[in-house]
$ cat my_file-v9.csv   # CSV, C-alpha atoms
chain,number,residue,atom,x,y,z
A,40,MET,CA,41.0,156.4,10.3
A,41,GLN,CA,40.0,159.7,11.7
A,42,GLY,CA,43.3,161.3,11.1
A,43,ARG,CA,43.3,159.8,7.6
A,44,LEU,CA,40.3,161.8,6.6
A,45,ALA,CA,41.1,164.9,8.6
A,46,ARG,CA,37.7,165.3,10.0
A,47,ASP,CA,37.7,169.0,10.2
A,48,GLY,CA,38.8,169.7,6.7
A,49,LEU,CA,36.2,167.3,5.5
A,50,ALA,CA,33.5,169.0,7.6
A,51,GLY,CA,34.5,172.2,6.0
A,52,VAL,CA,34.0,170.9,2.6
A,53,ILE,CA,30.7,169.3,3.4
A,54,LEU,CA,29.4,172.4,5.1
A,55,ARG,CA,30.3,174.4,2.0
A,56,ALA,CA,28.2,171.9,0.1
A,57,ILE,CA,25.4,172.2,2.5
A,58,ALA,CA,25.5,175.9,2.7
A,59,GLY,CA,25.9,176.9,-0.9
A,60,TYR,CA,25.4,173.7,-2.8
A,61,GLY,CA,28.6,174.9,-4.5
A,62,LEU,CA,30.4,171.7,-4.7
A,63,ASN,CA,30.8,170.2,-8.1
A,64,ARG,CA,31.7,166.7,-9.2
A,65,ARG,CA,35.3,167.4,-9.8
A,66,ASP,CA,35.6,168.3,-6.1
A,67,ASN,CA,35.4,164.6,-5.3
A,68,ILE,CA,35.7,165.2,-1.7
A,69,LEU,CA,38.5,162.7,-1.2
A,70,ALA,CA,40.4,164.0,-4.1
A,71,PHE,CA,39.9,167.4,-2.7
A,72,GLU,CA,41.4,166.3,0.6
A,73,SER,CA,44.1,164.3,-1.1
A,74,ARG,CA,45.8,167.4,-2.3
A,75,ASN,CA,46.9,167.6,1.3
A,76,PHE,CA,46.5,164.0,2.5
A,77,HIS,CA,47.0,161.7,-0.5
A,78,VAL,CA,43.9,159.7,0.2
A,79,THR,CA,42.0,158.2,-2.7
A,80,LYS,CA,41.5,154.7,-1.6
A,81,SER,CA,38.1,153.2,-0.6
A,82,TYR,CA,37.8,151.8,2.9
A,83,LEU,CA,38.1,148.0,3.2
A,84,ALA,CA,37.4,146.4,6.5
A,85,LYS,CA,40.0,144.0,8.0
A,86,THR,CA,39.1,140.8,9.7
A,87,GLY,CA,37.9,141.6,13.3
A,88,GLU,CA,37.9,145.4,12.7
A,89,VAL,CA,34.1,145.7,12.6
A,90,ASN,CA,32.8,144.6,16.0
A,91,PRO,CA,29.8,142.2,15.6
A,92,ALA,CA,26.7,143.0,17.7
A,93,TRP,CA,24.3,140.4,19.1
A,94,ILE,CA,20.7,140.8,17.9
A,95,LEU,CA,17.6,139.1,19.2
A,96,VAL,CA,14.8,138.4,16.7
A,97,ASP,CA,11.4,137.1,17.5
A,98,ALA,CA,10.3,135.0,14.5
A,99,SER,CA,6.6,134.6,15.6
A,100,GLY,CA,4.2,135.5,12.8
A,101,HIS,CA,6.9,136.2,10.2
A,102,VAL,CA,6.8,134.6,6.8
A,103,VAL,CA,9.9,132.3,6.3
A,104,GLY,CA,11.5,133.8,3.2
A,105,ARG,CA,10.7,137.4,4.1
A,106,LEU,CA,12.3,137.0,7.5
A,107,ALA,CA,15.3,135.1,6.0
A,108,VAL,CA,16.1,138.0,3.6
A,109,LYS,CA,16.5,140.3,6.6
A,110,LEU,CA,18.5,137.8,8.6
A,111,ALA,CA,20.8,137.1,5.7
A,112,THR,CA,21.4,140.9,5.2
A,113,ILE,CA,22.4,141.3,8.8
A,114,LEU,CA,24.6,138.2,8.8
A,115,MET,CA,26.5,139.4,5.7
A,116,GLY,CA,26.9,142.9,7.2
A,117,LYS,CA,25.1,144.6,4.3
A,118,HIS,CA,23.3,146.7,6.8
A,119,LYS,CA,26.5,148.6,7.7
A,120,PRO,CA,28.4,151.2,5.6
A,121,GLN,CA,31.6,149.3,6.4
A,122,TYR,CA,30.4,146.3,4.4
A,123,THR,CA,33.3,144.6,2.7
A,124,PRO,CA,32.6,141.6,0.4
A,125,HIS,CA,35.6,139.5,1.4
A,126,VAL,CA,35.3,140.1,5.1
A,127,ASP,CA,32.6,139.1,7.5
A,128,THR,CA,31.3,142.4,8.9
A,129,GLY,CA,27.9,141.0,10.0
A,130,ASP,CA,26.3,140.6,13.4
A,131,PHE,CA,25.3,137.6,15.4
A,132,ILE,CA,21.6,136.8,15.4
A,133,VAL,CA,19.6,134.9,18.0
A,134,VAL,CA,16.2,133.9,16.6
A,135,ILE,CA,13.5,132.7,19.1
A,136,ASN,CA,10.1,131.3,18.6
A,137,ALA,CA,11.1,129.5,15.3
A,138,ASP,CA,8.1,127.2,15.8
A,139,LYS,CA,5.7,130.2,15.3
A,140,ILE,CA,7.0,131.0,11.8
A,141,ARG,CA,4.5,131.2,9.0
A,142,PHE,CA,4.6,130.0,5.4
A,143,GLY,CA,3.2,132.0,2.4
A,144,GLY,CA,0.5,130.8,0.0
A,145,ARG,CA,-3.2,130.6,0.1
A,146,ARG,CA,-4.7,130.0,3.5
A,147,MET,CA,-6.3,126.7,4.2
A,148,ALA,CA,-8.6,125.4,6.9
A,149,HIS,CA,-6.9,123.2,9.4
A,150,PRO,CA,-8.2,121.6,12.6
A,151,THR,CA,-5.3,122.6,14.8
A,152,HIS,CA,-3.0,125.0,13.0
A,153,PRO,CA,-4.3,128.6,12.7
A,154,ASN,CA,-2.0,129.7,9.9
A,155,PHE,CA,-2.1,126.7,7.7
A,156,THR,CA,-1.3,127.5,4.0
A,157,ALA,CA,-1.1,125.8,0.7
A,158,LYS,CA,2.6,126.0,0.8
A,159,MET,CA,2.9,123.9,3.9
A,160,VAL,CA,1.6,121.0,1.8
A,161,SER,CA,3.3,121.7,-1.6
A,162,LYS,CA,6.7,122.7,-0.3
A,163,THR,CA,9.0,119.8,0.6
A,164,TYR,CA,12.3,119.5,2.3
A,165,ASP,CA,14.3,116.8,0.4
A,166,HIS,CA,17.5,115.3,1.3
A,167,TYR,CA,19.4,112.2,0.1
A,168,THR,CA,20.8,109.7,2.6
A,169,GLY,CA,23.4,108.3,0.2
A,170,TYR,CA,21.8,104.9,-0.1
A,171,PRO,CA,20.1,103.9,-3.4
A,172,GLY,CA,16.5,105.0,-3.2
A,173,GLY,CA,17.4,107.0,-0.1
A,174,ARG,CA,15.7,110.2,-1.0
A,175,LYS,CA,13.7,111.5,2.0
A,176,VAL,CA,10.9,114.0,1.4
A,177,ILE,CA,9.5,115.9,4.3
A,178,PRO,CA,6.5,118.2,3.8
A,179,ALA,CA,6.9,121.7,5.2
A,180,ALA,CA,4.1,121.2,7.7
A,181,GLU,CA,5.9,118.2,9.1
A,182,MET,CA,9.2,120.0,9.1
A,183,LEU,CA,7.6,122.8,11.1
A,184,GLU,CA,6.7,120.3,13.8
A,185,ARG,CA,9.9,118.3,13.8
A,186,LYS,CA,12.6,120.9,13.1
A,187,PRO,CA,11.3,124.5,12.9
A,188,GLU,CA,14.9,125.7,13.5
A,189,GLU,CA,16.0,124.0,10.3
A,190,ILE,CA,13.4,125.8,8.2
A,191,ILE,CA,14.8,129.2,9.1
A,192,ARG,CA,18.4,128.0,8.9
A,193,LEU,CA,18.0,126.5,5.5
A,194,ALA,CA,16.2,129.5,4.1
A,195,VAL,CA,19.0,131.8,5.3
A,196,ARG,CA,21.8,129.4,4.2
A,197,ARG,CA,20.5,129.5,0.6
A,198,MET,CA,20.6,133.3,0.6
A,199,LEU,CA,24.2,133.5,1.9
A,200,PRO,CA,27.3,133.2,-0.3
A,201,LYS,CA,28.1,129.6,-1.2
A,202,ASN,CA,31.7,129.6,0.0
A,203,LYS,CA,33.8,129.5,3.2
A,204,LEU,CA,32.8,133.0,4.1
A,205,GLY,CA,29.1,132.1,3.7
A,206,ARG,CA,29.5,129.0,5.9
A,207,HIS,CA,31.2,131.2,8.5
A,208,MET,CA,28.4,133.7,8.4
A,209,LEU,CA,25.8,131.0,8.9
A,210,LYS,CA,27.5,130.0,12.2
A,211,LYS,CA,26.5,133.4,13.6
A,212,LEU,CA,22.8,132.5,13.2
A,213,LYS,CA,21.4,130.8,16.3
A,214,VAL,CA,17.8,129.6,16.0
A,215,TYR,CA,15.6,128.2,18.8
A,216,ARG,CA,12.0,127.0,18.7
A,217,GLY,CA,10.8,128.4,22.0
A,218,GLY,CA,11.3,131.8,23.7
A,219,GLU,CA,14.4,130.7,25.6
A,220,HIS,CA,18.0,130.8,24.4
A,221,PRO,CA,21.4,130.1,26.0
A,222,HIS,CA,23.0,133.3,24.9
A,223,GLN,CA,22.0,135.5,27.8
A,224,SER,CA,25.6,136.4,28.6
A,225,GLN,CA,26.0,138.0,25.1
A,226,VAL,CA,23.0,140.2,25.9
A,227,PRO,CA,21.4,140.2,22.4
A,228,GLN,CA,19.5,143.3,21.7
A,229,PRO,CA,15.9,142.9,20.6
A,230,LYS,CA,15.3,144.1,17.1
A,231,ALA,CA,12.1,144.4,15.0
A,232,VAL,CA,12.7,143.2,11.5
B,669,MET,CA,79.0,133.9,-38.4
B,670,ARG,CA,75.5,132.5,-38.0
B,671,ALA,CA,73.6,134.1,-35.1
B,672,ARG,CA,72.5,131.5,-32.6
B,673,LYS,CA,69.7,131.7,-30.1
B,674,GLY,CA,71.2,130.2,-27.0
B,675,HIS,CA,71.5,133.3,-24.9
B,676,ALA,CA,68.3,135.0,-26.0
B,677,ARG,CA,66.3,131.8,-25.5
B,678,ARG,CA,67.6,131.4,-22.0
B,679,ARG,CA,66.9,135.0,-21.1
B,680,ALA,CA,63.3,134.7,-22.5
B,681,ARG,CA,62.7,131.5,-20.5
B,682,LYS,CA,64.1,133.0,-17.3
B,683,ARG,CA,61.8,136.0,-17.7
B,684,LEU,CA,58.8,133.8,-18.4
B,685,PHE,CA,59.4,131.7,-15.3
B,686,ARG,CA,59.9,134.8,-13.2
B,687,GLU,CA,56.4,136.0,-14.2
B,688,VAL,CA,54.6,132.7,-13.7
B,689,LYS,CA,56.4,131.9,-10.4
B,690,GLY,CA,53.9,130.5,-7.9
B,691,ASN,CA,51.6,129.0,-10.4
B,692,TYR,CA,50.3,125.5,-9.8
B,693,ALA,CA,52.4,122.5,-10.9
B,694,ALA,CA,53.3,122.6,-14.6
B,695,ARG,CA,52.0,126.1,-15.0
B,696,GLY,CA,55.1,127.3,-13.3
B,697,LYS,CA,57.5,124.7,-14.6
B,698,LEU,CA,57.0,123.9,-18.3
B,699,VAL,CA,57.5,126.5,-21.0
B,700,LYS,CA,54.5,125.5,-23.0
B,701,MET,CA,52.0,125.7,-20.1
B,702,ALA,CA,53.7,128.7,-18.5
B,703,THR,CA,53.4,130.6,-21.8
B,704,GLU,CA,49.6,130.0,-21.9
B,705,THR,CA,49.2,130.8,-18.3
B,706,LEU,CA,51.0,134.1,-18.7
B,707,PHE,CA,48.9,134.9,-21.8
B,708,ARG,CA,45.7,134.3,-20.0
B,709,ALA,CA,46.8,136.0,-16.8
B,710,ARG,CA,47.4,139.2,-18.8
B,711,ALA,CA,44.1,138.9,-20.5
B,712,PHE,CA,42.3,138.6,-17.2
B,713,ALA,CA,44.3,141.5,-15.8
B,714,PHE,CA,43.3,143.7,-18.7
B,715,ARG,CA,39.6,142.8,-18.3
B,716,ASP,CA,39.6,143.1,-14.6
B,717,ARG,CA,41.1,146.5,-14.6
B,718,ARG,CA,37.9,147.5,-16.3
B,719,TYR,CA,35.7,145.4,-14.1
B,720,LYS,CA,37.3,147.0,-11.0
B,721,LYS,CA,35.6,150.3,-11.7
B,722,ARG,CA,32.1,148.7,-11.9
B,723,GLU,CA,32.7,146.5,-8.8
B,724,PHE,CA,33.8,149.4,-6.7
B,725,ARG,CA,30.9,151.5,-7.8
B,726,ALA,CA,28.6,148.6,-6.9
B,727,LEU,CA,30.3,148.4,-3.5
B,728,TRP,CA,29.9,152.1,-2.8
B,729,ILE,CA,26.2,151.9,-3.7
B,730,THR,CA,25.8,148.9,-1.3
B,731,ARG,CA,27.4,150.9,1.4
B,732,VAL,CA,25.4,154.0,0.8
B,733,THR,CA,22.3,151.9,0.7
B,734,ALA,CA,23.1,150.5,4.1
B,735,ALA,CA,23.8,153.9,5.6
B,736,CYS,CA,20.6,155.3,4.1
B,737,ARG,CA,18.4,152.5,5.4
B,738,ALA,CA,19.8,152.9,8.8
B,739,ARG,CA,18.4,156.4,8.6
B,740,GLY,CA,15.1,155.5,7.2
B,741,ILE,CA,15.5,156.6,3.6
B,742,ARG,CA,15.9,154.5,0.5
B,743,TYR,CA,19.1,154.8,-1.7
B,744,SER,CA,17.1,155.9,-4.7
B,745,GLN,CA,15.3,158.7,-2.7
B,746,PHE,CA,18.6,159.8,-1.2
B,747,ILE,CA,20.4,160.1,-4.5
B,748,HIS,CA,17.4,161.7,-6.1
B,749,GLY,CA,17.2,164.2,-3.3
B,750,LEU,CA,20.9,165.1,-3.5
B,751,ALA,CA,20.6,165.6,-7.3
B,752,LEU,CA,17.7,168.0,-6.7
B,753,ALA,CA,19.7,169.8,-4.1
B,754,ASN,CA,22.7,170.1,-6.5
B,755,VAL,CA,25.0,168.2,-4.2
B,756,GLU,CA,27.3,166.5,-6.6
B,757,LEU,CA,29.3,164.3,-4.2
B,758,ASN,CA,30.0,161.1,-5.9
B,759,ARG,CA,29.2,157.7,-4.6
B,760,LYS,CA,32.7,157.0,-3.4
B,761,SER,CA,32.7,160.1,-1.3
B,762,LEU,CA,29.3,159.4,0.1
B,763,SER,CA,30.3,155.9,1.1
B,764,GLU,CA,33.5,157.1,2.8
B,765,LEU,CA,31.5,159.8,4.6
B,766,ALA,CA,29.0,157.2,5.8
B,767,ILE,CA,31.9,155.2,7.3
B,768,HIS,CA,34.1,157.9,8.8
B,769,SER,CA,31.8,160.9,9.4
B,770,PRO,CA,28.3,159.6,10.2
B,771,HIS,CA,27.2,163.0,11.5
B,772,LEU,CA,27.9,164.6,8.2
B,773,PHE,CA,26.0,161.8,6.5
B,774,ASP,CA,23.1,162.6,8.7
B,775,GLU,CA,23.2,166.2,7.3
B,776,LEU,CA,23.2,164.9,3.8
B,777,VAL,CA,20.2,162.7,4.5
B,778,LYS,CA,18.4,165.8,5.8
B,779,ILE,CA,19.3,167.7,2.6
B,780,ALA,CA,18.0,164.9,0.5
B,781,GLN,CA,14.8,164.6,2.4
B,782,SER,CA,14.0,168.3,2.3
B,783,ALA,CA,14.9,168.5,-1.4
B,784,ALA,CA,12.7,165.5,-2.3
B,785,PRO,CA,9.9,165.0,0.3
B,786,ALA,CA,9.0,161.3,0.6
B,787,ARG,CA,5.8,160.5,-1.2
B,788,ALA,CA,3.2,158.8,0.9

$ encode --input "my_file-v9.csv" --output "structure tokens"
Amino acid sequence: MQGRLARDGLAGVILRAIAGYGLNRRDNILAFESRNFHVTKSYLAKTGEVNPAWILVDASGHVVGRLAVKLATILMGKHKPQYTPHVDTGDFIVVINADKIRFGGRRMAHPTHPNFTAKMVSKTYDHYTGYPGGRKVIPAAEMLERKPEEIIRLAVRRMLPKNKLGRHMLKKLKVYRGGEHPHQSQVPQPKAV
Amino acid sequence: MRARKGHARRRARKRLFREVKGNYAARGKLVKMATETLFRARAFAFRDRRYKKREFRALWITRVTAACRARGIRYSQFIHGLALANVELNRKSLSELAIHSPHLFDELVKIAQSAAPARA
């Protein structure tokens, strides 16, 4: 890759641009270089070429959807300049404290839950068992108690591509309700999102 | 003598099947379906040669956005700043620089920031 772009020649061109702002559009920098190197193609990552990092995210106090957007971006690899739509260039994410996630909406008084909101009542998680009349409806508040991991996982899943690649990306998301996680050996780096 | 079509027809069919080789089931076996398949394939190819340009531009913008955000600047501010600084590198070049020469991209971000100071 480095040889392909001939780093020094490129640096020269850029420095000229920086120094005199004298570069015009026709000096498409790669076309410029290609007079010598025949390079006009855009970079496309190959599978396994972009090494995934491990990231640790603390979900406490975050609003579900707003957190999920950021997680999905990282899983897809859209936070890296090497992003390639047909290749998974994303990182692994370990989410802890999923049970301390918040929902949006108007705040409501609640005897035990400090961040109780209207959405925890109105939002429901529905699924169908396959039997007639088998539709199960779980209010968000109940889901938060029973399966807080599932709240984050579902929110992120629906933001990822609906295909094999998307399902593959989702597997890189590890969600845990407490502060503990079994991925110590991957040494996930804490990241504020 | 009356001209007959045997030879020409066979050649046409061979050529047709050569082009639709690999298509699913009857699309690569029967003249009628193969003809339609080829017709549609060419129409898609024509359209997608045009789409290709938009899709790549979108990809470059996504990549430049990622590189910008990692450096604490928005894509729109970055592009605006470069325009004010008369740096006319196109999005393709910018995205390739972000991948292969991150240190040069750092410099470009500085140029953009000094040309268009971020509003509070």

$ closest_residue --input "my_file-v9.csv" --among "B:Ala671, B:Leu776, B:Leu684, B:Met701" --to "His748 (chain B)" --atoms "all atoms listed in the file"
B:Leu776

$ residues_around --input "my_file-v9.csv" --residues "region 196-201 of chain A" --least-positions-apart "5" --cutoff "8 Å" --atoms "only C-alpha atoms" --output "list in words"
Ala107, Val108, Ala111, Met115, Arg206, Met208 and Leu209 of chain A

$ atom_distance --input "my_file-v9.csv" --atom1 "CA of Phe712 (chain B)" --atom2 "CA of Arg725 (chain B)"
19.6 Å

$ residues_around --input "my_file-v9.csv" --residues "Pro221 (chain A)" --least-positions-apart "6" --cutoff "12 Å" --atoms "only C-alpha atoms" --output "list in words"
Leu95, Val133, Val134, Ile135, Lys213, Val214, Tyr215 and Pro227 of chain A

$ residues_around --input "my_file-v9.csv" --residues "Arg742 (chain B)" --least-positions-apart "6" --cutoff "12 Å" --atoms "only C-alpha atoms" --output "number ranges by chain"
B: 729-730, 732-736, 748-749, 777, 780-781, 784, 786-787

$ closest_atom_pairs --input "my_file-v9.csv" --of "chain B" --to "chain A" --cutoff "12 Å" --atoms "all atoms listed in the file" --output "JSON lines"
{"residue": "B:Lys721", "atom": "CA", "partner": "A:Ser81", "partner_atom": "CA", "distance": 11.7}
{"residue": "B:Glu723", "atom": "CA", "partner": "A:Pro124", "partner_atom": "CA", "distance": 10.4}
{"residue": "B:Phe724", "atom": "CA", "partner": "A:Ser81", "partner_atom": "CA", "distance": 8.4}
{"residue": "B:Arg725", "atom": "CA", "partner": "A:Ser81", "partner_atom": "CA", "distance": 10.3}
{"residue": "B:Ala726", "atom": "CA", "partner": "A:Pro124", "partner_atom": "CA", "distance": 10.9}
{"residue": "B:Leu727", "atom": "CA", "partner": "A:Thr123", "partner_atom": "CA", "distance": 7.9}
{"residue": "B:Trp728", "atom": "CA", "partner": "A:Ser81", "partner_atom": "CA", "distance": 8.6}
{"residue": "B:Ile729", "atom": "CA", "partner": "A:Pro120", "partner_atom": "CA", "distance": 9.6}
{"residue": "B:Thr730", "atom": "CA", "partner": "A:Lys117", "partner_atom": "CA", "distance": 7.1}
{"residue": "B:Arg731", "atom": "CA", "partner": "A:Pro120", "partner_atom": "CA", "distance": 4.3}
{"residue": "B:Val732", "atom": "CA", "partner": "A:Pro120", "partner_atom": "CA", "distance": 6.3}
{"residue": "B:Thr733", "atom": "CA", "partner": "A:Pro120", "partner_atom": "CA", "distance": 7.9}
{"residue": "B:Ala734", "atom": "CA", "partner": "A:His118", "partner_atom": "CA", "distance": 4.7}
{"residue": "B:Ala735", "atom": "CA", "partner": "A:Pro120", "partner_atom": "CA", "distance": 5.3}
{"residue": "B:Cys736", "atom": "CA", "partner": "A:Pro120", "partner_atom": "CA", "distance": 8.9}
{"residue": "B:Arg737", "atom": "CA", "partner": "A:His118", "partner_atom": "CA", "distance": 7.7}
{"residue": "B:Ala738", "atom": "CA", "partner": "A:His118", "partner_atom": "CA", "distance": 7.4}
{"residue": "B:Arg739", "atom": "CA", "partner": "A:His118", "partner_atom": "CA", "distance": 11.0}
{"residue": "B:Leu750", "atom": "CA", "partner": "A:Tyr60", "partner_atom": "CA", "distance": 9.7}
{"residue": "B:Ala751", "atom": "CA", "partner": "A:Tyr60", "partner_atom": "CA", "distance": 10.4}
{"residue": "B:Leu752", "atom": "CA", "partner": "A:Tyr60", "partner_atom": "CA", "distance": 10.3}
{"residue": "B:Ala753", "atom": "CA", "partner": "A:Tyr60", "partner_atom": "CA", "distance": 7.0}
{"residue": "B:Asn754", "atom": "CA", "partner": "A:Tyr60", "partner_atom": "CA", "distance": 5.8}
{"residue": "B:Val755", "atom": "CA", "partner": "A:Tyr60", "partner_atom": "CA", "distance": 5.7}
{"residue": "B:Glu756", "atom": "CA", "partner": "A:Arg64", "partner_atom": "CA", "distance": 5.1}
{"residue": "B:Leu757", "atom": "CA", "partner": "A:Arg64", "partner_atom": "CA", "distance": 6.0}
{"residue": "B:Asn758", "atom": "CA", "partner": "A:Asn67", "partner_atom": "CA", "distance": 6.5}
{"residue": "B:Arg759", "atom": "CA", "partner": "A:Asn67", "partner_atom": "CA", "distance": 9.3}
{"residue": "B:Lys760", "atom": "CA", "partner": "A:Ser81", "partner_atom": "CA", "distance": 7.2}
{"residue": "B:Ser761", "atom": "CA", "partner": "A:Ile68", "partner_atom": "CA", "distance": 5.9}
{"residue": "B:Leu762", "atom": "CA", "partner": "A:Ile68", "partner_atom": "CA", "distance": 8.8}
{"residue": "B:Ser763", "atom": "CA", "partner": "A:Pro120", "partner_atom": "CA", "distance": 6.8}
{"residue": "B:Glu764", "atom": "CA", "partner": "A:Tyr82", "partner_atom": "CA", "distance": 6.8}
{"residue": "B:Leu765", "atom": "CA", "partner": "A:Leu49", "partner_atom": "CA", "distance": 8.9}
{"residue": "B:Ala766", "atom": "CA", "partner": "A:Pro120", "partner_atom": "CA", "distance": 6.0}
{"residue": "B:Ile767", "atom": "CA", "partner": "A:Pro120", "partner_atom": "CA", "distance": 5.6}
{"residue": "B:His768", "atom": "CA", "partner": "A:Gln41", "partner_atom": "CA", "distance": 6.8}
{"residue": "B:Ser769", "atom": "CA", "partner": "A:Arg46", "partner_atom": "CA", "distance": 7.4}
{"residue": "B:Pro770", "atom": "CA", "partner": "A:Pro120", "partner_atom": "CA", "distance": 9.6}
{"residue": "B:His771", "atom": "CA", "partner": "A:Ala50", "partner_atom": "CA", "distance": 9.5}
{"residue": "B:Leu772", "atom": "CA", "partner": "A:Ala50", "partner_atom": "CA", "distance": 7.1}
{"residue": "B:Phe773", "atom": "CA", "partner": "A:Ile53", "partner_atom": "CA", "distance": 9.4}
{"residue": "B:Asp774", "atom": "CA", "partner": "A:Ile53", "partner_atom": "CA", "distance": 11.4}
{"residue": "B:Glu775", "atom": "CA", "partner": "A:Ile57", "partner_atom": "CA", "distance": 8.0}
{"residue": "B:Leu776", "atom": "CA", "partner": "A:Ile57", "partner_atom": "CA", "distance": 7.7}
{"residue": "B:Val777", "atom": "CA", "partner": "A:Ile57", "partner_atom": "CA", "distance": 11.0}
{"residue": "B:Lys778", "atom": "CA", "partner": "A:Ile57", "partner_atom": "CA", "distance": 10.0}
{"residue": "B:Ile779", "atom": "CA", "partner": "A:Ile57", "partner_atom": "CA", "distance": 7.6}
{"residue": "B:Ala780", "atom": "CA", "partner": "A:Ile57", "partner_atom": "CA", "distance": 10.6}
{"residue": "B:Ala783", "atom": "CA", "partner": "A:Ile57", "partner_atom": "CA", "distance": 11.8}

$ residues_around --input "my_file-v9.csv" --residues "Leu212 (chain A)" --least-positions-apart "6" --cutoff "9 Å" --atoms "all atoms listed in the file" --output "PyMOL selection string"
chain A and resi 110+114+130-134+192+195

$ write_last_selection --input "my_file-v9.csv" --atoms "C-alpha atoms" --output "PDB file, in the frame of the given file"
ATOM      1  CA  LEU A 110      18.500 137.800   8.600  1.00  0.00           C
ATOM      2  CA  LEU A 114      24.600 138.200   8.800  1.00  0.00           C
ATOM      3  CA  ASP A 130      26.300 140.600  13.400  1.00  0.00           C
ATOM      4  CA  PHE A 131      25.300 137.600  15.400  1.00  0.00           C
ATOM      5  CA  ILE A 132      21.600 136.800  15.400  1.00  0.00           C
ATOM      6  CA  VAL A 133      19.600 134.900  18.000  1.00  0.00           C
ATOM      7  CA  VAL A 134      16.200 133.900  16.600  1.00  0.00           C
ATOM      8  CA  ARG A 192      18.400 128.000   8.900  1.00  0.00           C
ATOM      9  CA  VAL A 195      19.000 131.800   5.300  1.00  0.00           C
TER      10      VAL A 195
END

$ atom_distance --input "my_file-v9.csv" --atom1 "CA of Gly100 (chain A)" --atom2 "CA of Arg141 (chain A)"
5.7 Å
